[in-house]
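Student: What follows is work.cif; its format and atoms are mmCIF, C-alpha atoms.
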```cif
data_structure
loop_
_atom_site.label_atom_id
_atom_site.label_comp_id
_atom_site.auth_asym_id
_atom_site.auth_seq_id
_atom_site.Cartn_x
_atom_site.Cartn_y
_atom_site.Cartn_z
CA MET A 1 -266.41 -33.01 -11.47
CA ASP A 2 -263.50 -30.56 -11.77
CA VAL A 3 -263.24 -30.64 -15.57
CA GLU A 4 -265.03 -27.85 -17.45
CA HIS A 5 -264.47 -29.37 -20.90
CA PRO A 6 -264.36 -33.08 -21.76
CA VAL A 7 -260.85 -34.49 -21.41
CA ARG A 8 -259.95 -37.99 -22.56
CA VAL A 9 -257.64 -40.02 -20.33
CA SER A 10 -255.78 -43.20 -21.27
CA VAL A 11 -255.04 -45.45 -18.29
CA VAL A 12 -252.09 -47.81 -18.75
CA VAL A 13 -252.05 -50.91 -16.54
CA GLU A 14 -248.79 -52.82 -16.75
CA THR A 15 -249.01 -56.37 -15.45
CA GLU A 16 -245.36 -57.09 -14.62
CA ASN A 17 -245.90 -56.09 -10.98
CA GLU A 18 -248.92 -58.35 -10.61
CA ARG A 19 -246.82 -61.52 -10.62
CA GLU A 20 -245.83 -61.30 -6.96
CA ALA A 21 -249.09 -59.78 -5.69
CA GLN A 22 -250.83 -61.50 -2.80
CA GLU A 23 -254.11 -59.72 -2.09
CA ILE A 24 -254.43 -56.82 -4.53
CA ARG A 25 -254.24 -58.44 -7.93
CA LEU A 26 -255.06 -57.48 -11.49
CA THR A 27 -258.71 -58.34 -10.99
CA ASP A 28 -258.85 -55.74 -8.20
CA ALA A 29 -257.10 -53.11 -10.32
CA LEU A 30 -259.49 -53.68 -13.21
CA GLY A 31 -262.49 -53.70 -10.88
CA ALA A 32 -261.38 -50.39 -9.37
CA LEU A 33 -261.03 -48.86 -12.84
CA ALA A 34 -264.48 -50.14 -13.79
CA ARG A 35 -265.95 -48.25 -10.80
CA GLN A 36 -264.46 -44.85 -11.64
CA THR A 37 -266.70 -41.80 -11.43
CA TYR A 38 -265.24 -40.34 -14.62
CA PRO A 39 -267.27 -41.11 -17.77
CA ARG A 40 -266.31 -44.36 -19.44
CA ALA A 41 -266.71 -42.68 -22.82
CA LEU A 42 -263.80 -40.40 -21.93
CA THR A 43 -261.59 -43.16 -20.50
CA GLU A 44 -259.41 -45.54 -22.46
CA VAL A 45 -257.89 -48.48 -20.57
CA ILE A 46 -254.80 -50.18 -22.01
CA VAL A 47 -253.59 -53.39 -20.35
CA VAL A 48 -250.00 -54.28 -21.22
CA ASP A 49 -249.71 -58.07 -21.15
CA SER A 50 -246.52 -59.43 -19.58
CA GLY A 51 -247.30 -62.85 -21.05
CA GLU A 52 -247.31 -64.39 -17.57
CA ILE A 53 -250.97 -64.08 -16.53
CA PRO A 54 -253.13 -67.04 -17.60
CA GLY A 55 -256.55 -66.14 -19.00
CA LEU A 56 -255.77 -62.42 -19.28
CA ASP A 57 -258.20 -61.89 -22.17
CA ARG A 58 -261.07 -63.37 -20.17
CA LEU A 59 -260.13 -61.45 -17.02
CA VAL A 60 -260.00 -58.11 -18.80
CA ALA A 61 -263.26 -58.76 -20.70
CA GLU A 62 -265.02 -59.62 -17.45
CA HIS A 63 -264.30 -56.22 -15.91
CA LEU A 64 -263.63 -53.85 -18.81
CA PRO A 65 -264.91 -55.28 -22.11
CA ASP A 66 -263.80 -52.22 -24.07
CA ALA A 67 -260.22 -52.22 -22.72
CA ARG A 68 -257.36 -52.80 -25.15
CA ILE A 69 -254.66 -55.41 -24.54
CA VAL A 70 -251.15 -54.71 -25.86
CA ASP A 71 -248.52 -57.44 -26.03
CA GLY A 72 -245.59 -56.64 -23.74
CA THR A 73 -244.16 -60.15 -23.41
CA GLY A 74 -240.59 -60.10 -22.15
CA LEU A 75 -240.55 -56.39 -21.34
CA THR A 76 -239.56 -54.82 -18.04
CA GLU A 77 -241.94 -52.75 -15.93
CA TYR A 78 -240.89 -49.41 -17.41
CA GLN A 79 -240.68 -50.73 -20.96
CA MET A 80 -244.30 -51.80 -20.53
CA LYS A 81 -245.23 -48.31 -19.34
CA ASN A 82 -243.54 -46.74 -22.35
CA LEU A 83 -245.27 -49.18 -24.69
CA GLY A 84 -248.65 -48.37 -23.16
CA ALA A 85 -248.01 -44.63 -23.50
CA ARG A 86 -247.16 -45.01 -27.19
CA ALA A 87 -250.32 -47.06 -27.73
CA ALA A 88 -252.54 -44.51 -25.96
CA THR A 89 -254.83 -42.27 -28.01
CA ALA A 90 -255.80 -39.72 -25.34
CA ASP A 91 -253.88 -36.52 -24.61
CA ILE A 92 -253.36 -37.59 -20.98
CA VAL A 93 -251.80 -40.91 -19.93
CA ALA A 94 -252.26 -42.20 -16.37
CA PHE A 95 -250.44 -45.17 -14.84
CA CYS A 96 -251.88 -47.82 -12.51
CA ASP A 97 -249.95 -51.00 -11.74
CA GLY A 98 -251.60 -54.40 -11.75
CA ASP A 99 -251.14 -54.73 -7.97
CA CYS A 100 -252.79 -51.39 -7.13
CA ALA A 101 -256.40 -50.34 -6.57
CA PRO A 102 -257.13 -46.64 -7.26
CA GLN A 103 -260.04 -44.96 -5.51
CA SER A 104 -263.19 -44.29 -7.50
CA GLU A 105 -262.44 -40.61 -8.24
CA TRP A 106 -258.88 -41.29 -9.40
CA VAL A 107 -259.36 -40.71 -13.15
CA GLU A 108 -261.57 -37.71 -12.41
CA ALA A 109 -258.77 -36.21 -10.32
CA VAL A 110 -256.25 -36.81 -13.12
CA ALA A 111 -258.46 -35.03 -15.66
CA GLY A 112 -259.23 -32.25 -13.19
CA SER A 113 -255.54 -31.54 -12.65
CA LEU A 114 -254.15 -31.76 -16.17
CA GLY A 115 -257.18 -30.82 -18.27
CA PRO A 116 -257.33 -27.11 -17.31
CA ALA A 117 -253.62 -26.76 -16.44
CA PRO A 118 -251.26 -24.51 -18.45
CA PRO A 119 -248.86 -26.18 -20.92
CA GLU A 120 -245.89 -26.02 -18.53
CA VAL A 121 -247.74 -28.40 -16.19
CA VAL A 122 -246.99 -31.78 -17.77
CA GLY A 123 -247.76 -34.20 -14.95
CA VAL A 124 -249.68 -34.93 -11.78
CA GLN A 125 -248.69 -37.18 -8.89
CA GLY A 126 -251.05 -39.00 -6.53
CA ARG A 127 -250.57 -40.56 -3.10
CA THR A 128 -250.02 -44.30 -2.71
CA ALA A 129 -250.46 -46.29 0.49
CA LEU A 130 -249.71 -49.94 1.17
CA ARG A 131 -252.70 -52.07 2.12
CA PRO A 132 -253.07 -52.76 5.89
CA GLY A 133 -250.31 -54.84 7.45
CA ARG A 134 -247.50 -54.65 9.98
CA PHE A 135 -245.77 -51.24 9.74
CA ASN A 136 -247.58 -50.57 6.46
CA ARG A 137 -247.98 -46.86 7.19
CA GLN A 138 -244.31 -46.28 8.04
CA ILE A 139 -243.15 -48.19 4.97
CA SER A 140 -245.69 -46.32 2.83
CA VAL A 141 -244.11 -43.05 3.94
CA LEU A 142 -240.56 -44.26 3.23
CA LEU A 143 -241.19 -45.97 -0.10
CA TYR A 144 -244.08 -43.97 -1.55
CA GLY A 145 -244.13 -40.70 0.39
CA LEU A 146 -244.07 -37.57 -1.76
CA ARG A 147 -241.51 -34.79 -1.84
CA THR A 148 -242.87 -31.39 -2.76
CA ASP A 149 -241.94 -27.73 -3.06
CA PRO A 150 -242.63 -25.48 -0.02
CA SER A 151 -246.21 -24.88 -1.21
CA GLY A 152 -246.98 -28.60 -1.20
CA ARG A 153 -248.57 -28.27 -4.64
CA VAL A 154 -245.61 -29.25 -6.86
CA SER A 155 -244.18 -32.75 -6.72
CA ARG A 156 -240.41 -33.21 -6.65
CA ARG A 157 -240.74 -36.98 -6.95
CA ILE A 158 -242.44 -39.37 -9.36
CA VAL A 159 -244.02 -42.56 -8.04
CA SER A 160 -244.94 -44.40 -11.22
CA ASP A 161 -247.79 -46.59 -9.96
CA ASN A 162 -249.96 -43.51 -9.38
CA CYS A 163 -249.19 -40.64 -11.74
CA ALA A 164 -250.23 -39.14 -15.06
CA PHE A 165 -248.59 -37.07 -17.80
CA ARG A 166 -249.44 -35.32 -21.01
CA ARG A 167 -248.93 -37.91 -23.70
CA ASP A 168 -246.78 -35.76 -26.01
CA PHE A 169 -244.32 -35.06 -23.17
CA LEU A 170 -244.25 -38.70 -22.10
CA VAL A 171 -243.64 -40.05 -25.60
CA GLN A 172 -240.83 -37.53 -26.05
CA GLU A 173 -239.12 -38.13 -22.69
CA GLY A 174 -240.39 -41.51 -21.50
CA PHE A 175 -238.99 -43.69 -18.75
CA GLU A 176 -235.38 -44.73 -19.35
CA ALA A 177 -236.32 -48.36 -19.12
CA ASP A 178 -233.11 -50.07 -20.18
CA GLN A 179 -230.82 -48.96 -17.37
CA LEU A 180 -231.69 -49.62 -13.70
CA PRO A 181 -234.88 -50.81 -12.00
CA THR A 182 -235.66 -47.87 -9.70
CA THR A 183 -234.05 -44.93 -11.52
CA PRO A 184 -236.40 -44.22 -14.47
CA GLU A 185 -238.67 -42.21 -12.15
CA THR A 186 -235.71 -40.18 -10.82
CA VAL A 187 -234.37 -39.43 -14.30
CA LEU A 188 -237.81 -38.41 -15.58
CA ALA A 189 -238.29 -36.07 -12.60
CA MET A 190 -234.86 -34.53 -13.30
CA ARG A 191 -235.71 -34.00 -16.96
CA THR A 192 -239.04 -32.44 -16.07
CA SER A 193 -237.53 -29.86 -13.70
CA SER A 194 -234.51 -29.15 -15.92
CA ARG A 195 -236.88 -28.11 -18.70
CA GLY A 196 -238.74 -25.74 -16.37
CA LEU A 197 -241.82 -27.97 -16.43
CA THR A 198 -244.01 -28.91 -13.49
CA CYS A 199 -245.63 -32.00 -11.98
CA LEU A 200 -248.50 -31.20 -9.61
CA VAL A 201 -249.70 -33.04 -6.52
CA ASN A 202 -253.34 -34.10 -6.28
CA ASP A 203 -254.40 -35.54 -2.92
CA ARG A 204 -257.57 -36.94 -4.47
CA MET A 205 -255.48 -39.32 -6.58
CA ARG A 206 -255.36 -42.05 -3.95
CA SER A 207 -254.35 -45.64 -4.61
CA VAL A 208 -253.71 -48.71 -2.43
CA HIS A 209 -250.70 -50.88 -3.28
CA ASP A 210 -250.36 -54.57 -2.47
CA TYR A 211 -248.24 -55.58 0.54
CA PRO A 212 -247.01 -58.98 1.74
CA GLU A 213 -249.09 -60.80 4.33
CA THR A 214 -247.51 -59.79 7.65
CA SER A 215 -249.16 -62.03 10.24
CA GLY A 216 -247.03 -64.61 12.07
CA LEU A 217 -243.32 -65.31 11.66
CA ARG A 218 -243.60 -66.12 7.97
CA GLY A 219 -245.48 -62.89 7.42
CA LEU A 220 -242.84 -60.91 9.29
CA ALA A 221 -240.14 -62.54 7.16
CA ALA A 222 -242.06 -61.68 3.98
CA MET A 223 -242.47 -58.06 5.08
CA LEU A 224 -238.77 -57.79 5.90
CA GLY A 225 -237.83 -59.37 2.59
CA PHE A 226 -240.01 -56.91 0.68
CA PHE A 227 -238.66 -53.93 2.63
CA LEU A 228 -234.96 -54.84 2.60
CA ALA A 229 -235.01 -55.86 -1.06
CA ARG A 230 -236.28 -52.37 -1.85
CA ALA A 231 -233.58 -50.86 0.37
CA TYR A 232 -230.79 -52.82 -1.35
CA THR A 233 -232.14 -52.02 -4.82
CA ASN A 234 -232.52 -48.33 -4.04
CA GLY A 235 -228.98 -48.11 -2.62
CA TYR A 236 -227.52 -49.89 -5.63
CA CYS A 237 -229.36 -47.66 -8.09
CA MET A 238 -228.56 -44.43 -6.21
CA VAL A 239 -224.83 -45.09 -6.59
CA ARG A 240 -224.83 -46.65 -10.04
CA ILE A 241 -227.03 -44.06 -11.76
CA ARG A 242 -224.67 -41.24 -10.79
CA SER A 243 -221.96 -42.78 -12.93
CA LEU A 244 -224.42 -43.08 -15.81
CA LYS A 245 -226.17 -39.72 -15.40
CA PRO A 246 -223.70 -37.15 -13.98
CA GLY A 247 -226.33 -34.41 -14.14
CA LEU A 248 -228.25 -35.85 -11.22
CA ARG A 249 -228.15 -34.10 -7.86
CA ALA A 250 -225.05 -35.08 -5.82
CA GLY A 251 -223.44 -36.53 -8.94
CA TRP A 252 -220.07 -35.46 -7.53
CA VAL A 253 -220.11 -38.37 -5.05
CA ARG A 254 -218.93 -40.67 -7.82
CA TRP A 255 -215.47 -39.11 -7.42
CA LEU A 256 -215.30 -40.09 -3.73
CA GLY A 257 -214.72 -43.78 -4.36
CA PRO A 258 -215.50 -45.95 -1.32
CA VAL A 259 -216.52 -42.88 0.69
CA GLY A 260 -219.25 -42.10 -1.84
CA PRO A 261 -222.00 -44.54 -0.78
CA PRO A 262 -222.10 -43.52 2.92
CA VAL A 263 -222.03 -39.82 1.99
CA LEU A 264 -224.85 -40.29 -0.51
CA ILE A 265 -226.94 -42.39 1.87
CA ALA A 266 -226.41 -39.95 4.75
CA GLY A 267 -227.87 -37.28 2.48
CA LYS A 268 -230.81 -39.55 1.71
CA MET A 269 -231.43 -40.09 5.42
CA LEU A 270 -231.78 -36.33 5.87
CA ALA A 271 -234.07 -36.08 2.85
CA ASP A 272 -236.13 -38.99 4.18
CA LEU A 273 -236.57 -37.25 7.55
CA ARG A 274 -238.08 -34.30 5.70
CA GLN A 275 -240.19 -36.74 3.70
CA ILE A 276 -241.43 -38.36 6.91
CA HIS A 277 -242.31 -34.98 8.37
CA ALA A 278 -244.21 -33.98 5.23
CA ASN A 279 -246.13 -37.26 4.89
CA ASN A 280 -246.88 -38.33 8.47
CA ARG A 281 -250.28 -36.65 8.64
CA HIS A 282 -251.39 -38.20 5.34
CA HIS A 283 -250.92 -41.63 6.92
CA ARG A 284 -252.19 -40.66 10.39
CA LEU A 285 -248.73 -41.06 11.96
CA THR A 286 -246.85 -39.16 14.64
CA TRP A 287 -243.16 -39.32 15.46
CA LEU A 288 -244.02 -41.61 18.39
CA ASP A 289 -245.30 -44.20 15.90
CA TRP A 290 -241.78 -44.45 14.50
CA ILE A 291 -240.21 -45.59 17.80
CA PRO A 292 -241.16 -49.31 17.46
CA PHE A 293 -240.12 -49.13 13.81
CA ALA A 294 -236.63 -47.80 14.67
CA PRO A 295 -234.72 -51.13 14.18
CA PHE A 296 -236.29 -51.56 10.73
CA TYR A 297 -235.57 -47.91 9.92
CA LEU A 298 -231.87 -48.40 10.67
CA ALA A 299 -231.81 -51.70 8.76
CA TYR A 300 -233.28 -49.81 5.79
CA TYR A 301 -230.15 -47.67 5.49
CA VAL A 302 -227.84 -50.61 6.08
CA GLY A 303 -229.59 -52.20 3.09
CA HIS A 304 -228.94 -49.02 1.11
CA LEU A 305 -225.27 -49.10 2.09
CA VAL A 306 -224.86 -52.76 1.07
CA GLY A 307 -226.53 -52.03 -2.25
CA GLY A 308 -224.37 -48.95 -2.78
CA TYR A 309 -221.15 -50.90 -2.29
CA ALA A 310 -222.46 -53.68 -4.54
CA ALA A 311 -222.83 -51.08 -7.29
CA LEU A 312 -219.36 -49.69 -6.58
CA LEU A 313 -217.87 -53.19 -6.83
CA GLY A 314 -219.58 -53.81 -10.17
CA PHE A 315 -222.10 -56.41 -9.06
CA ARG A 316 -224.96 -57.12 -11.43
CA ALA A 317 -227.95 -54.81 -11.09
CA PRO A 318 -230.82 -56.35 -9.09
CA ARG A 319 -234.09 -57.06 -10.78
CA PHE A 320 -237.01 -55.41 -9.09
#
```
What is this file in structure tokens?
Tutor:
Amino acid sequence: MDVEHPVRVSVVVETENEREAQEIRLTDALGALARQTYPRALTEVIVVDSGEIPGLDRLVAEHLPDARIVDGTGLTEYQMKNLGARAATADIVAFCDGDCAPQSEWVEAVAGSLGPAPPEVVGVQGRTALRPGRFNRQISVLLYGLRTDPSGRVSRRIVSDNCAFRRDFLVQEGFEADQLPTTPETVLAMRTSSRGLTCLVNDRMRSVHDYPETSGLRGLAAMLGFFLARAYTNGYCMVRIRSLKPGLRAGWVRWLGPVGPPVLIAGKMLADLRQIHANNRHHRLTWLDWIPFAPFYLAYYVGHLVGGYAALLGFRAPRF
């Protein structure tokens, strides 16, 4: 164990994402947390109830009898995370979604990163991979791949299904949950860096995220739907958030009108190429593995462009 002195960790499991899960469900997330190597006496588990999972009390008691359930009926994903953070009693708050299964040393890695870290280190980011399926590794790199500083030790991106923060920082800043579905992570990362604070990377914080069944034509359609829905949502939020938060990087594109979305998305394509380069080895990929994925890769940015113009035209924000 990396921790010299006992560190308590609160793990918040929001259940909004579990509704659409197919193979990794809340029972798997709870089972994975029950098998953690970190002492149970130093781990608090808080399950935020979306109000949409029948028999939640029984399910939680079966795996983690000492876990707390907090009522989050009617809340969005990020509102549920904020609620769980406020309910936490430990100095460190870690997040695991209901459709994710963290590896057994996950909580230990969280405590080992933040417990001995200096005060300016307020967070730690782990690595998420989609469960096995068609093109799961390529999509893992695009959707969940990390962006870091040149040392590889500091995260420039927050992926909220596999991260942890000091509770006092999180309660103060929080996820801006009332605006757009995929921007709270971006805004929190911006606030962290603007205050001169740091979020580390810990490669031992590994978690597996659910993924649609991809076998057969129906499976292919489900995979495409999952992937392109994320592309559209990301494109919409990239454009819309820059009119709400001018301090974000490339905020000036909002003055370009209809030219703004393609300029912004071209910049994202370049950033994603760097992200692919940085994350390929973590998913056992080479550039040759991206050749059969090329049509989907191009469709990904078309989805971004459609979403960007939808935001520009004032369409309603997608729910994700």
Student: List the neighbours of stretch 282-296 of chain A out to 8 Å using only C-alpha atoms; skip same-chain residues closer than 2 positions along the sequence, and give me the result as an mmCIF file with C-alpha atoms, in the frame of the given file.
Tutor:
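Dumped to result_9.cif:
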```cif
data_model
loop_
_atom_site.group_PDB
_atom_site.id
_atom_site.type_symbol
_atom_site.label_atom_id
_atom_site.label_comp_id
_atom_site.auth_asym_id
_atom_site.auth_seq_id
_atom_site.Cartn_x
_atom_site.Cartn_y
_atom_site.Cartn_z
ATOM 1 C CA ALA A 129 -250.460 -46.290 0.490
ATOM 2 C CA PHE A 135 -245.770 -51.240 9.740
ATOM 3 C CA ARG A 137 -247.980 -46.860 7.190
ATOM 4 C CA GLN A 138 -244.310 -46.280 8.040
ATOM 5 C CA VAL A 141 -244.110 -43.050 3.940
ATOM 6 C CA ASN A 279 -246.130 -37.260 4.890
ATOM 7 C CA ASN A 280 -246.880 -38.330 8.470
ATOM 8 C CA LEU A 298 -231.870 -48.400 10.670
ATOM 9 C CA ALA A 299 -231.810 -51.700 8.760
ATOM 10 C CA TYR A 300 -233.280 -49.810 5.790
#
```
Student: Can you list, as a ChimeraX atom specification, every protein, DNA or RNA residue that comes within 12 Å of A:Gly55 when you count only C-alpha atoms, leaving out same-chain residues fewer than 6 positions away?
Tutor: /A:26-27,49,61-62
Student: Skip stretch 207-213 of chain A itself and residues of its chain fewer than 6 positions away, then list as a list in words all residues within 6 Å of it, counting only C-alpha atoms.
Tutor: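 Selected residues are Ile24, Asp99, Cys100, Ala101, Pro102, Gln103, Thr128, Ala129, Leu130, Arg131, Gly219 and Met223 of chain A.
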Student: Can you spell out as an MDAnalysis selection string the set of residues that the PyMOL selection byres ((chain A and resi 260-271) around 10) selects in the structure I just provided?
Tutor: chainID A and resid 147 235:236 238:240 250:259 272:277 297:298 300:302 304:312
Student: One decimal, Å: what's the distance from atom CA of A:Val124 over to atom CA of A:Pro65, could you say?
Tutor: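 Computing the Euclidean distance for atom CA of A:Val124 and atom CA of A:Pro65 yields 27.4 Å.
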Student: Where does the PyMOL selection byres ((chain A and resi 91-96) around 6) land in this file, that is, which residues does it pick, as a list in words?
Tutor: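 Here the PyMOL selection byres ((chain A and resi 91-96) around 6) matches Val9, Ser10, Val11, Val12, Val13, Ala90, Asp97, Asp161, Asn162, Cys163, Ala164, Phe165, Arg166 and Arg167 of chain A.
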Student: Residues near A:Gly152, anyone? I mean within 10 Å using all atoms listed in the file, not counting same-chain ones fewer than 5 positions away, as an MDAnalysis selection string.
Tutor: chainID A and resid 146:147 200:202 278
Student: Can you spell out as a count of residues only the set of residues that the PyMOL selection byres ((chain A and resi 230) around 10) selects in the structure I just provided?
Tutor: 20
Student: With all atoms listed in the file as the basis for distance, which of A:Thr15, A:Gln79, A:Thr89, A:Ser140 is at the shortest distance from A:Ile53?
Tutor: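 For A:Ile53, the nearest of the candidates is A:Thr15.
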Student: What does the distance from atom CA of A:Phe315 to atom CA of A:Ser243 come to in Å, to one decimal?
Tutor: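 Result for atom CA of A:Phe315 versus atom CA of A:Ser243: 14.2 Å, one decimal.
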Student: In Å to one decimal, how far is atom CA of A:Lys81 from atom CA of A:Glu176?
Tutor: 10.5 Å
